[in-house]
$ cat run.pdb   # PDB, C-alpha atoms
ATOM      1  CA  MET A 192      74.388 152.785  66.851
ATOM      2  CA  ASP A 193      75.635 154.447  69.992
ATOM      3  CA  LEU A 194      77.227 152.146  72.596
ATOM      4  CA  LYS A 195      76.875 152.887  76.300
ATOM      5  CA  ILE A 196      78.401 150.724  79.033
ATOM      6  CA  HIS A 197      76.786 150.632  82.475
ATOM      7  CA  THR A 198      78.155 148.744  85.476
ATOM      8  CA  PHE A 199      76.252 147.703  88.596
ATOM      9  CA  ASP A 200      76.710 145.756  91.804
ATOM     10  CA  LEU A 201      73.694 143.515  92.287
ATOM     11  CA  PRO A 202      73.097 142.737  95.987
ATOM     12  CA  LEU A 203      71.779 139.247  96.688
ATOM     13  CA  LYS A 204      69.065 138.440  99.207
ATOM     14  CA  HIS A 205      71.285 135.743 100.710
ATOM     15  CA  GLU A 206      74.872 134.613 100.358
ATOM     16  CA  PHE A 207      74.911 132.284  97.357
ATOM     17  CA  THR A 208      77.258 129.295  97.473
ATOM     18  CA  ILE A 209      78.068 126.599  94.936
ATOM     19  CA  SER A 210      80.746 123.906  95.140
ATOM     20  CA  ARG A 211      83.586 126.288  94.233
ATOM     21  CA  GLU A 212      82.656 129.798  95.442
ATOM     22  CA  SER A 213      80.378 132.067  97.506
ATOM     23  CA  ARG A 214      79.149 135.615  96.924
ATOM     24  CA  THR A 215      76.797 138.227  98.381
ATOM     25  CA  VAL A 216      77.120 140.752  95.536
ATOM     26  CA  GLN A 217      77.186 140.085  91.796
ATOM     27  CA  GLU A 218      79.020 142.551  89.535
ATOM     28  CA  THR A 219      77.383 142.998  86.150
ATOM     29  CA  VAL A 220      77.825 144.936  82.905
ATOM     30  CA  ILE A 221      74.843 146.334  81.015
ATOM     31  CA  VAL A 222      75.287 147.244  77.356
ATOM     32  CA  GLU A 223      72.976 149.841  75.842
ATOM     33  CA  LEU A 224      72.726 150.184  72.072
ATOM     34  CA  ALA A 225      70.856 153.313  71.031
ATOM     35  CA  ASP A 226      69.581 153.953  67.496
ATOM     36  CA  GLY A 227      67.361 156.945  66.963
ATOM     37  CA  GLY A 228      64.526 156.861  69.464
ATOM     38  CA  HIS A 229      65.142 153.331  70.742
ATOM     39  CA  SER A 230      67.559 151.688  73.181
ATOM     40  CA  GLY A 231      68.294 147.984  73.468
ATOM     41  CA  PHE A 232      69.825 146.447  76.589
ATOM     42  CA  GLY A 233      71.957 143.367  77.196
ATOM     43  CA  GLU A 234      73.800 141.959  80.187
ATOM     44  CA  ALA A 235      76.785 139.881  81.206
ATOM     45  CA  THR A 236      77.843 139.191  84.786
ATOM     46  CA  THR A 237      81.417 138.805  85.977
ATOM     47  CA  ASN A 238      82.623 135.290  86.680
ATOM     48  CA  PRO A 239      85.877 134.248  88.432
ATOM     49  CA  TYR A 240      85.684 130.666  87.100
ATOM     50  CA  TYR A 241      85.964 132.027  83.543
ATOM     51  CA  ASN A 242      88.274 134.928  84.516
ATOM     52  CA  VAL A 243      85.712 137.520  83.412
ATOM     53  CA  THR A 244      85.775 140.931  85.110
ATOM     54  CA  VAL A 245      84.155 144.314  84.557
ATOM     55  CA  SER A 246      87.495 145.550  83.247
ATOM     56  CA  THR A 247      88.010 142.770  80.697
ATOM     57  CA  MET A 248      84.457 143.136  79.386
ATOM     58  CA  SER A 249      84.656 146.921  79.179
ATOM     59  CA  SER A 250      87.985 146.764  77.324
ATOM     60  CA  ALA A 251      86.608 144.234  74.859
ATOM     61  CA  LEU A 252      83.520 146.350  74.209
ATOM     62  CA  GLU A 253      85.612 149.445  73.594
ATOM     63  CA  ARG A 254      87.660 147.573  70.977
ATOM     64  CA  VAL A 255      84.574 146.885  68.857
ATOM     65  CA  ARG A 256      82.950 150.294  69.306
ATOM     66  CA  PRO A 257      84.158 151.429  65.816
ATOM     67  CA  LEU A 258      82.300 148.462  64.260
ATOM     68  CA  LEU A 259      78.898 149.603  65.535
ATOM     69  CA  GLY A 260      78.377 152.566  63.237
ATOM     70  CA  GLY A 261      75.946 151.034  60.739
ATOM     71  CA  ASP A 262      72.190 150.459  60.863
ATOM     72  CA  LEU A 263      70.949 147.334  62.621
ATOM     73  CA  GLU A 264      69.214 145.180  60.023
ATOM     74  CA  ASP A 265      69.757 141.678  61.438
ATOM     75  CA  PRO A 266      71.289 140.955  64.870
ATOM     76  CA  SER A 267      72.631 137.635  63.594
ATOM     77  CA  ASP A 268      74.675 139.447  60.952
ATOM     78  CA  LEU A 269      76.044 141.804  63.597
ATOM     79  CA  TRP A 270      77.029 138.822  65.749
ATOM     80  CA  ASP A 271      78.871 137.238  62.831
ATOM     81  CA  GLN A 272      80.724 140.517  62.285
ATOM     82  CA  LEU A 273      81.690 140.960  65.945
ATOM     83  CA  ALA A 274      82.425 137.357  66.955
ATOM     84  CA  PRO A 275      85.936 137.174  65.424
ATOM     85  CA  HIS A 276      86.922 140.272  67.412
ATOM     86  CA  LEU A 277      85.510 138.949  70.712
ATOM     87  CA  GLU A 278      86.523 135.296  70.635
ATOM     88  CA  GLU A 279      88.363 135.683  73.930
ATOM     89  CA  ASN A 280      85.415 137.382  75.659
ATOM     90  CA  PRO A 281      82.055 135.743  74.853
ATOM     91  CA  PHE A 282      80.564 137.451  77.925
ATOM     92  CA  ALA A 283      81.025 140.878  76.306
ATOM     93  CA  LEU A 284      79.734 139.491  73.007
ATOM     94  CA  CYS A 285      76.664 138.181  74.842
ATOM     95  CA  ALA A 286      75.806 141.590  76.294
ATOM     96  CA  LEU A 287      76.114 143.184  72.842
ATOM     97  CA  ASP A 288      74.047 140.460  71.186
ATOM     98  CA  GLN A 289      71.240 140.684  73.751
ATOM     99  CA  ALA A 290      71.153 144.453  73.317
ATOM    100  CA  ALA A 291      71.034 144.098  69.523
ATOM    101  CA  TRP A 292      68.047 141.729  69.641
ATOM    102  CA  ASP A 293      66.270 143.989  72.150
ATOM    103  CA  LEU A 294      66.887 147.025  69.920
ATOM    104  CA  TRP A 295      65.833 145.106  66.791
ATOM    105  CA  GLY A 296      62.520 144.089  68.359
ATOM    106  CA  LYS A 297      61.839 147.586  69.662
ATOM    107  CA  LYS A 298      62.451 149.065  66.199
ATOM    108  CA  LYS A 299      59.977 146.560  64.767
ATOM    109  CA  CYS A 300      57.519 147.247  67.623
ATOM    110  CA  LYS A 301      57.170 143.560  68.501
ATOM    111  CA  PRO A 302      58.591 141.187  71.123
ATOM    112  CA  VAL A 303      61.549 139.146  69.936
ATOM    113  CA  TYR A 304      59.809 135.822  70.685
ATOM    114  CA  GLN A 305      56.938 136.906  68.425
ATOM    115  CA  LEU A 306      59.288 137.891  65.611
ATOM    116  CA  TRP A 307      60.824 134.404  65.953
ATOM    117  CA  GLY A 308      57.357 132.855  65.599
ATOM    118  CA  LEU A 309      57.264 131.491  69.160
ATOM    119  CA  ASP A 310      54.349 131.217  71.588
ATOM    120  CA  PRO A 311      55.144 132.193  75.199
ATOM    121  CA  ALA A 312      52.522 129.698  76.351
ATOM    122  CA  ASP A 313      55.012 126.976  75.358
ATOM    123  CA  ALA A 314      57.626 128.145  77.880
ATOM    124  CA  PRO A 315      58.404 125.562  80.583
ATOM    125  CA  LEU A 316      58.249 126.501  84.243
ATOM    126  CA  SER A 317      61.477 127.785  85.767
ATOM    127  CA  ASN A 318      63.068 126.346  88.878
ATOM    128  CA  PHE A 319      64.176 128.343  91.930
ATOM    129  CA  THR A 320      67.775 127.745  93.044
ATOM    130  CA  ILE A 321      68.846 126.956  96.612
ATOM    131  CA  GLY A 322      72.571 127.531  97.121
ATOM    132  CA  ILE A 323      74.787 125.402  99.377
ATOM    133  CA  ASP A 324      74.556 126.180 103.079
ATOM    134  CA  GLN A 325      73.878 124.481 106.387
ATOM    135  CA  VAL A 326      70.900 122.166 105.977
ATOM    136  CA  ASP A 327      68.618 124.221 108.230
ATOM    137  CA  VAL A 328      69.497 127.399 106.306
ATOM    138  CA  MET A 329      68.720 125.687 102.992
ATOM    139  CA  VAL A 330      65.359 124.598 104.380
ATOM    140  CA  ALA A 331      64.672 128.169 105.504
ATOM    141  CA  LYS A 332      65.498 129.479 102.027
ATOM    142  CA  LEU A 333      63.089 126.975 100.474
ATOM    143  CA  LEU A 334      60.335 127.925 102.921
ATOM    144  CA  GLU A 335      60.749 131.601 101.971
ATOM    145  CA  VAL A 336      59.507 130.690  98.476
ATOM    146  CA  PRO A 337      57.153 127.742  99.122
ATOM    147  CA  ASP A 338      55.069 128.131  95.962
ATOM    148  CA  TRP A 339      57.680 127.468  93.269
ATOM    149  CA  PRO A 340      56.883 124.388  91.170
ATOM    150  CA  ILE A 341      60.509 123.180  90.876
ATOM    151  CA  TYR A 342      63.657 123.680  92.955
ATOM    152  CA  LYS A 343      67.256 123.411  91.810
ATOM    153  CA  ILE A 344      69.537 122.366  94.654
ATOM    154  CA  LYS A 345      73.241 123.151  94.560
ATOM    155  CA  LEU A 346      75.294 120.238  95.887
ATOM    156  CA  GLY A 347      78.943 119.254  96.227
ATOM    157  CA  THR A 348      79.295 118.691  99.981
ATOM    158  CA  SER A 349      79.867 115.738 102.294
ATOM    159  CA  ALA A 350      76.164 115.830 103.230
ATOM    160  CA  ASP A 351      74.468 115.959  99.822
ATOM    161  CA  LEU A 352      71.986 113.126 100.361
ATOM    162  CA  GLU A 353      71.159 114.448 103.821
ATOM    163  CA  ILE A 354      70.366 117.832 102.259
ATOM    164  CA  ILE A 355      67.943 116.348  99.719
ATOM    165  CA  ARG A 356      66.297 114.097 102.314
ATOM    166  CA  GLU A 357      65.647 117.052 104.597
ATOM    167  CA  LEU A 358      64.425 119.364 101.842
ATOM    168  CA  ARG A 359      62.060 116.652 100.621
ATOM    169  CA  ARG A 360      60.312 116.742 104.005
ATOM    170  CA  HIS A 361      59.178 120.302 103.267
ATOM    171  CA  THR A 362      57.902 120.167  99.679
ATOM    172  CA  LYS A 363      56.473 117.773  97.101
ATOM    173  CA  ALA A 364      57.886 119.813  94.206
ATOM    174  CA  PRO A 365      60.389 118.144  91.859
ATOM    175  CA  PHE A 366      64.090 118.759  92.482
ATOM    176  CA  ARG A 367      66.976 119.237  90.099
ATOM    177  CA  VAL A 368      70.495 118.939  91.500
ATOM    178  CA  ASP A 369      73.654 120.655  90.313
ATOM    179  CA  ALA A 370      77.032 119.565  91.668
ATOM    180  CA  ASN A 371      79.024 122.103  89.597
ATOM    181  CA  CYS A 372      81.812 119.576  88.900
ATOM    182  CA  GLY A 373      81.988 118.624  92.586
ATOM    183  CA  TRP A 374      81.514 114.827  92.376
ATOM    184  CA  ASN A 375      83.369 111.863  90.895
ATOM    185  CA  VAL A 376      81.929 108.955  88.922
ATOM    186  CA  GLU A 377      81.441 106.566  91.845
ATOM    187  CA  GLU A 378      79.907 109.275  93.997
ATOM    188  CA  THR A 379      77.455 110.172  91.246
ATOM    189  CA  LEU A 380      76.441 106.567  90.597
ATOM    190  CA  GLY A 381      76.131 105.999  94.343
ATOM    191  CA  ASN A 382      73.926 109.057  94.853
ATOM    192  CA  ALA A 383      71.743 108.746  91.770
ATOM    193  CA  PRO A 384      69.407 105.864  92.827
ATOM    194  CA  GLU A 385      68.377 107.550  96.088
ATOM    195  CA  LEU A 386      68.114 110.934  94.391
ATOM    196  CA  GLU A 387      65.727 109.372  91.897
ATOM    197  CA  GLU A 388      63.629 107.985  94.763
ATOM    198  CA  LEU A 389      63.619 111.438  96.365
ATOM    199  CA  GLY A 390      62.032 113.041  93.304
ATOM    200  CA  VAL A 391      65.081 114.450  91.499
ATOM    201  CA  GLU A 392      64.550 115.009  87.759
ATOM    202  CA  PHE A 393      68.181 115.155  86.619
ATOM    203  CA  ILE A 394      71.759 115.769  87.722
ATOM    204  CA  GLU A 395      73.582 118.742  86.241
ATOM    205  CA  GLN A 396      77.342 118.608  85.626
ATOM    206  CA  PRO A 397      78.418 116.232  88.400
ATOM    207  CA  LEU A 398      81.971 115.710  87.062
ATOM    208  CA  PRO A 399      84.791 118.059  86.066
ATOM    209  CA  ALA A 400      84.220 119.466  82.605
ATOM    210  CA  GLU A 401      87.136 117.605  81.008
ATOM    211  CA  ASP A 402      86.226 114.137  82.338
ATOM    212  CA  TRP A 403      84.730 112.868  79.089
ATOM    213  CA  GLN A 404      85.357 109.206  79.873
ATOM    214  CA  GLY A 405      83.590 109.549  83.212
ATOM    215  CA  ASN A 406      80.715 111.446  81.634
ATOM    216  CA  GLN A 407      80.233 108.681  79.066
ATOM    217  CA  ARG A 408      80.028 106.109  81.848
ATOM    218  CA  LEU A 409      77.392 108.178  83.648
ATOM    219  CA  PHE A 410      75.454 108.519  80.407
ATOM    220  CA  GLU A 411      75.369 104.742  80.113
ATOM    221  CA  GLU A 412      74.837 103.789  83.764
ATOM    222  CA  SER A 413      73.070 106.582  85.657
ATOM    223  CA  PRO A 414      69.350 106.042  86.391
ATOM    224  CA  LEU A 415      68.933 109.826  86.192
ATOM    225  CA  PRO A 416      69.589 111.999  83.128
ATOM    226  CA  ILE A 417      72.888 113.898  83.157
ATOM    227  CA  ILE A 418      72.864 117.499  81.868
ATOM    228  CA  ALA A 419      76.036 119.261  80.695
ATOM    229  CA  ASP A 420      76.876 122.758  81.876
ATOM    230  CA  GLU A 421      80.598 123.429  82.255
ATOM    231  CA  SER A 422      81.221 120.774  79.571
ATOM    232  CA  CYS A 423      79.106 122.669  77.029
ATOM    233  CA  ILE A 424      80.362 126.217  76.597
ATOM    234  CA  ALA A 425      79.851 127.050  72.919
ATOM    235  CA  GLU A 426      78.447 125.723  69.641
ATOM    236  CA  LYS A 427      81.455 123.503  68.991
ATOM    237  CA  ASP A 428      80.823 121.604  72.240
ATOM    238  CA  VAL A 429      77.322 120.357  71.456
ATOM    239  CA  SER A 430      78.373 117.486  69.213
ATOM    240  CA  GLY A 431      81.022 116.439  71.750
ATOM    241  CA  CYS A 432      78.362 116.148  74.442
ATOM    242  CA  HIS A 433      76.274 113.822  72.304
ATOM    243  CA  GLY A 434      76.496 110.298  73.716
ATOM    244  CA  LYS A 435      77.987 111.579  76.967
ATOM    245  CA  PHE A 436      75.113 113.709  78.273
ATOM    246  CA  HIS A 437      71.360 113.458  77.945
ATOM    247  CA  GLY A 438      71.008 117.199  77.512
ATOM    248  CA  ILE A 439      72.805 120.530  77.622
ATOM    249  CA  ASN A 440      72.387 123.650  79.748
ATOM    250  CA  ILE A 441      73.217 126.673  77.595
ATOM    251  CA  LYS A 442      74.437 129.837  79.313
ATOM    252  CA  LEU A 443      74.126 132.912  77.118
ATOM    253  CA  VAL A 444      77.230 134.565  78.573
ATOM    254  CA  LYS A 445      79.369 131.505  77.894
ATOM    255  CA  CYS A 446      78.296 130.925  74.303
ATOM    256  CA  GLY A 447      78.115 134.603  73.330
ATOM    257  CA  GLY A 448      74.423 135.496  73.360
ATOM    258  CA  LEU A 449      71.058 134.663  71.862
ATOM    259  CA  THR A 450      72.348 134.174  68.323
ATOM    260  CA  PRO A 451      74.587 131.147  69.049
ATOM    261  CA  ALA A 452      72.142 129.861  71.684
ATOM    262  CA  LEU A 453      69.482 129.475  69.004
ATOM    263  CA  ARG A 454      71.879 127.416  66.907
ATOM    264  CA  MET A 455      72.898 125.271  69.905
ATOM    265  CA  ILE A 456      69.257 124.538  70.713
ATOM    266  CA  ASN A 457      68.557 123.456  67.153
ATOM    267  CA  GLN A 458      71.701 121.307  67.005
ATOM    268  CA  ALA A 459      70.943 119.583  70.313
ATOM    269  CA  ARG A 460      67.385 118.901  69.245
ATOM    270  CA  SER A 461      68.591 117.354  65.988
ATOM    271  CA  LEU A 462      70.767 114.995  68.075
ATOM    272  CA  GLY A 463      67.861 113.983  70.312
ATOM    273  CA  MET A 464      69.220 115.815  73.363
ATOM    274  CA  LYS A 465      67.221 117.784  75.920
ATOM    275  CA  THR A 466      67.716 121.545  75.951
ATOM    276  CA  MET A 467      67.920 123.966  78.852
ATOM    277  CA  VAL A 468      69.018 127.561  79.301
ATOM    278  CA  GLY A 469      70.341 128.668  82.663
ATOM    279  CA  CYS A 470      71.152 131.983  84.269
ATOM    280  CA  MET A 471      74.097 133.458  86.165
ATOM    281  CA  THR A 472      72.337 135.568  88.823
ATOM    282  CA  GLU A 473      71.602 138.253  86.233
ATOM    283  CA  SER A 474      69.248 141.163  86.662
ATOM    284  CA  THR A 475      65.960 141.345  84.776
ATOM    285  CA  VAL A 476      67.943 142.490  81.707
ATOM    286  CA  GLY A 477      69.575 139.090  81.246
ATOM    287  CA  ILE A 478      66.535 137.135  82.434
ATOM    288  CA  SER A 479      64.323 138.865  79.855
ATOM    289  CA  ALA A 480      66.734 137.794  77.101
ATOM    290  CA  ILE A 481      66.581 134.174  78.282
ATOM    291  CA  ALA A 482      62.785 134.361  78.276
ATOM    292  CA  GLN A 483      62.715 134.938  74.513
ATOM    293  CA  LEU A 484      64.183 131.429  74.072
ATOM    294  CA  ALA A 485      62.020 129.729  76.689
ATOM    295  CA  PRO A 486      59.305 128.399  74.325
ATOM    296  CA  LEU A 487      61.980 126.307  72.563
ATOM    297  CA  LEU A 488      63.257 124.589  75.719
ATOM    298  CA  ASP A 489      62.624 121.450  77.739
ATOM    299  CA  TYR A 490      63.886 123.085  80.963
ATOM    300  CA  VAL A 491      64.732 126.621  82.007
ATOM    301  CA  ASP A 492      66.558 128.120  84.978
ATOM    302  CA  MET A 493      65.787 131.844  84.982
ATOM    303  CA  ASP A 494      65.423 132.737  88.651
ATOM    304  CA  GLY A 495      68.429 135.079  88.743
ATOM    305  CA  ALA A 496      66.484 138.285  89.350
ATOM    306  CA  ALA A 497      64.402 136.533  92.024
ATOM    307  CA  LEU A 498      67.628 135.992  94.005
ATOM    308  CA  LEU A 499      68.428 139.716  94.104
ATOM    309  CA  ALA A 500      67.743 142.094  96.968
ATOM    310  CA  ARG A 501      67.412 144.940  94.454
ATOM    311  CA  ASP A 502      66.926 144.871  90.680
ATOM    312  CA  ILE A 503      68.019 147.462  88.119
ATOM    313  CA  ALA A 504      65.417 146.974  85.379
ATOM    314  CA  THR A 505      61.895 145.931  84.510
ATOM    315  CA  GLY A 506      60.958 143.351  81.920
ATOM    316  CA  VAL A 507      59.964 139.704  82.022
ATOM    317  CA  VAL A 508      58.903 138.638  85.521
ATOM    318  CA  VAL A 509      59.266 135.065  86.756
ATOM    319  CA  ASP A 510      56.473 134.533  89.272
ATOM    320  CA  ARG A 511      56.552 131.132  90.986
ATOM    321  CA  GLY A 512      58.186 129.642  87.950
ATOM    322  CA  LYS A 513      55.941 131.176  85.316
ATOM    323  CA  CYS A 514      57.190 133.751  82.789
ATOM    324  CA  ILE A 515      55.071 136.873  82.626
ATOM    325  CA  PHE A 516      55.914 138.884  79.519
ATOM    326  CA  PRO A 517      55.378 142.665  79.545
ATOM    327  CA  ALA A 518      53.573 144.576  76.814
ATOM    328  CA  VAL A 519      56.905 145.984  75.635
ATOM    329  CA  ALA A 520      58.679 145.243  72.347
ATOM    330  CA  GLY A 521      62.119 143.665  71.983
ATOM    331  CA  ASN A 522      63.180 141.648  75.024
ATOM    332  CA  GLY A 523      60.788 143.785  77.058
ATOM    333  CA  VAL A 524      63.551 145.560  79.002
ATOM    334  CA  THR A 525      63.465 149.026  80.526
ATOM    335  CA  LEU A 526      66.470 150.105  82.589
ATOM    336  CA  ALA A 527      65.503 151.707  85.899
ATOM    337  CA  PRO A 528      66.347 155.437  86.183
TER
END

$ encode --input "run.pdb" --output "structure tokens"
Amino acid sequence: MDLKIHTFDLPLKHEFTISRESRTVQETVIVELADGGHSGFGEATTNPYYNVTVSTMSSALERVRPLLGGDLEDPSDLWDQLAPHLEENPFALCALDQAAWDLWGKKKCKPVYQLWGLDPADAPLSNFTIGIDQVDVMVAKLLEVPDWPIYKIKLGTSADLEIIRELRRHTKAPFRVDANCGWNVEETLGNAPELEELGVEFIEQPLPAEDWQGNQRLFEESPLPIIADESCIAEKDVSGCHGKFHGINIKLVKCGGLTPALRMINQARSLGMKTMVGCMTESTVGISAIAQLAPLLDYVDMDGAALLARDIATGVVVDRGKCIFPAVAGNGVTLAP
């Protein structure tokens, strides 16, 4: 297999703010694995919270280039071979793993979800994310996309309940809220009853990732389900979240790709936990990889490409929350010329 590394700056339609950062452009790395007449594509975005840059990903990918010389028989086997060499950079491993699955499906002339025995009709509807801003700006962002069936609202301000009250005036769609570690226990328990009345489905990662005692209290006392994000990075974290969260939000870049994500989904299900996969403002390359997993999930957050001013690929389209799969094998990805 021939490895090619592409880098892009993805411009966003609007400045995107969560409790700890803001951005107007998202840097991303696209991995291309070519084998004969086929190319598979995978993606990983940069992320300051996890100290991931274009440089660190590119360096990590170059280190494993000599290991990519053989034929691709099973992407899971390739992941097992590469993982020990990329333990410190799961984002780079994710991009390689996505590309391997895309290439594998294209070589077999079938979509990956079909080769996994999944039915795309089982995919849940995706939410659309509204980043933190002034309340009137958040309302305007919602009204730009009035037909989405679910909205995910980023919180972590001094006016969080005011934000949800005002947004509720403009839509009947369910809300999900994500505080990105921006609340404490008392704040979460104080907010949760009114959020439930305002049509919120669940609260994602309200507390700092390491506050396990606080998370257990929320699990026991919150009227709304609590979903782990920053507290559930990789496979080893799933069992630790059991009894402290009602579900987990898996990010492919954090766990290292589709291969470990499949195992995390199965483990969480066996523990009676809800499963979700979220995005990181990826292009259609990363979103199309997430879509292959969607039929296995209770919730999905795959609006990343919908937040971009300009995309770099074609593939799975998320139209008002619904996944539309192209008639293309693999993950369905074609990189724009």

$ resolve_selection --input "run.pdb" --expression "the PyMOL selection byres ((chain A and resi 243) around 12)" --output "VMD selection string"
chain A and resid 218 to 220 235 to 242 244 to 251 279 to 283 444 to 445

$ residues_around --input "run.pdb" --residues "range 422-427 of chain A" --least-positions-apart "3" --cutoff "9 Å" --atoms "only C-alpha atoms" --output "list in words"
Gln396, Pro399, Ala400, Glu401, Asp402, Trp403, Ala419, Ser430, Gly431, Cys432, Ile439, Asn440, Ile441, Lys442, Lys445, Cys446, Gly447, Pro451, Ala452, Arg454, Met455 and Gln458 of chain A

$ resolve_selection --input "run.pdb" --expression "the PyMOL selection byres ((chain A and resi 354) around 9)" --output "VMD selection string"
chain A and resid 325 to 327 329 to 330 344 346 350 to 353 355 to 359

$ write_last_selection --input "run.pdb" --atoms "C-alpha atoms" --output "PDB file, keeping the file's coordinate frame"
ATOM      1  CA  GLN A 325      73.878 124.481 106.387  1.00  0.00           C
ATOM      2  CA  VAL A 326      70.900 122.166 105.977  1.00  0.00           C
ATOM      3  CA  ASP A 327      68.618 124.221 108.230  1.00  0.00           C
ATOM      4  CA  MET A 329      68.720 125.687 102.992  1.00  0.00           C
ATOM      5  CA  VAL A 330      65.359 124.598 104.380  1.00  0.00           C
ATOM      6  CA  ILE A 344      69.537 122.366  94.654  1.00  0.00           C
ATOM      7  CA  LEU A 346      75.294 120.238  95.887  1.00  0.00           C
ATOM      8  CA  ALA A 350      76.164 115.830 103.230  1.00  0.00           C
ATOM      9  CA  ASP A 351      74.468 115.959  99.822  1.00  0.00           C
ATOM     10  CA  LEU A 352      71.986 113.126 100.361  1.00  0.00           C
ATOM     11  CA  GLU A 353      71.159 114.448 103.821  1.00  0.00           C
ATOM     12  CA  ILE A 355      67.943 116.348  99.719  1.00  0.00           C
ATOM     13  CA  ARG A 356      66.297 114.097 102.314  1.00  0.00           C
ATOM     14  CA  GLU A 357      65.647 117.052 104.597  1.00  0.00           C
ATOM     15  CA  LEU A 358      64.425 119.364 101.842  1.00  0.00           C
ATOM     16  CA  ARG A 359      62.060 116.652 100.621  1.00  0.00           C
TER      17      ARG A 359
END

$ residues_near_point --input "run.pdb" --point "(58.5, 134.6, 84.1)" --cutoff "12 Å" --atoms "only C-alpha atoms" --output "VMD selection string"
chain A and resid 311 to 312 314 to 319 339 475 478 to 486 491 to 497 505 to 517 523

$ resolve_selection --input "run.pdb" --expression "the PyMOL selection byres ((chain A and resi 522) around 12)" --output "NGL selection string"
:A and (230-234 or 288-307 or 449 or 475-484 or 504-508 or 516-521 or 523-526)

$ residues_around --input "run.pdb" --residues "Ile418 in chain A" --least-positions-apart "5" --cutoff "10 Å" --atoms "all atoms listed in the file" --output "PyMOL selection string"
chain A and resi 369+393-397+406+410+423+432+435-440+464-467

$ atom_distance --input "run.pdb" --atom1 "CA of Leu443 in chain A" --atom2 "CA of Leu273 in chain A"
15.7 Å

$ atom_distance --input "run.pdb" --atom1 "CA of Leu203 in chain A" --atom2 "CA of Ala500 in chain A"
4.9 Å

$ closest_residue --input "run.pdb" --among "A:His276, A:Leu263, A:Lys343, A:Pro257" --to "Leu194 in chain A" --atoms "only C-alpha atoms"
A:Pro257

$ closest_residue --input "run.pdb" --among "A:Glu377, A:Glu388, A:Arg360, A:Thr320" --to "Cys470 in chain A" --atoms "all atoms listed in the file"
A:Thr320

$ closest_residue --input "run.pdb" --among "A:Asp200, A:Glu212, A:Glu335, A:Glu264" --to "Asp226 in chain A" --atoms "only C-alpha atoms"
A:Glu264

$ atom_distance --input "run.pdb" --atom1 "CA of Arg367 in chain A" --atom2 "CA of Ile341 in chain A"
7.6 Å

$ residues_around --input "run.pdb" --residues "Asp324 in chain A" --least-positions-apart "4" --cutoff "9 Å" --atoms "only C-alpha atoms" --output "list of chain:residue names"
A:Glu206, A:Phe207, A:Thr208, A:Ile209, A:Val328, A:Met329

$ closest_residue --input "run.pdb" --among "A:Ile323, A:Ala274, A:Ala527, A:Ala364" --to "Ser213 in chain A" --atoms "only C-alpha atoms"
A:Ile323

$ closest_residue --input "run.pdb" --among "A:Glu473, A:Leu252, A:Asp489, A:Val391" --to "Pro202 in chain A" --atoms "all atoms listed in the file"
A:Glu473

$ closest_residue --input "run.pdb" --among "A:Thr472, A:Pro414, A:His205, A:Asp262" --to "Lys332 in chain A" --atoms "all atoms listed in the file"
A:His205
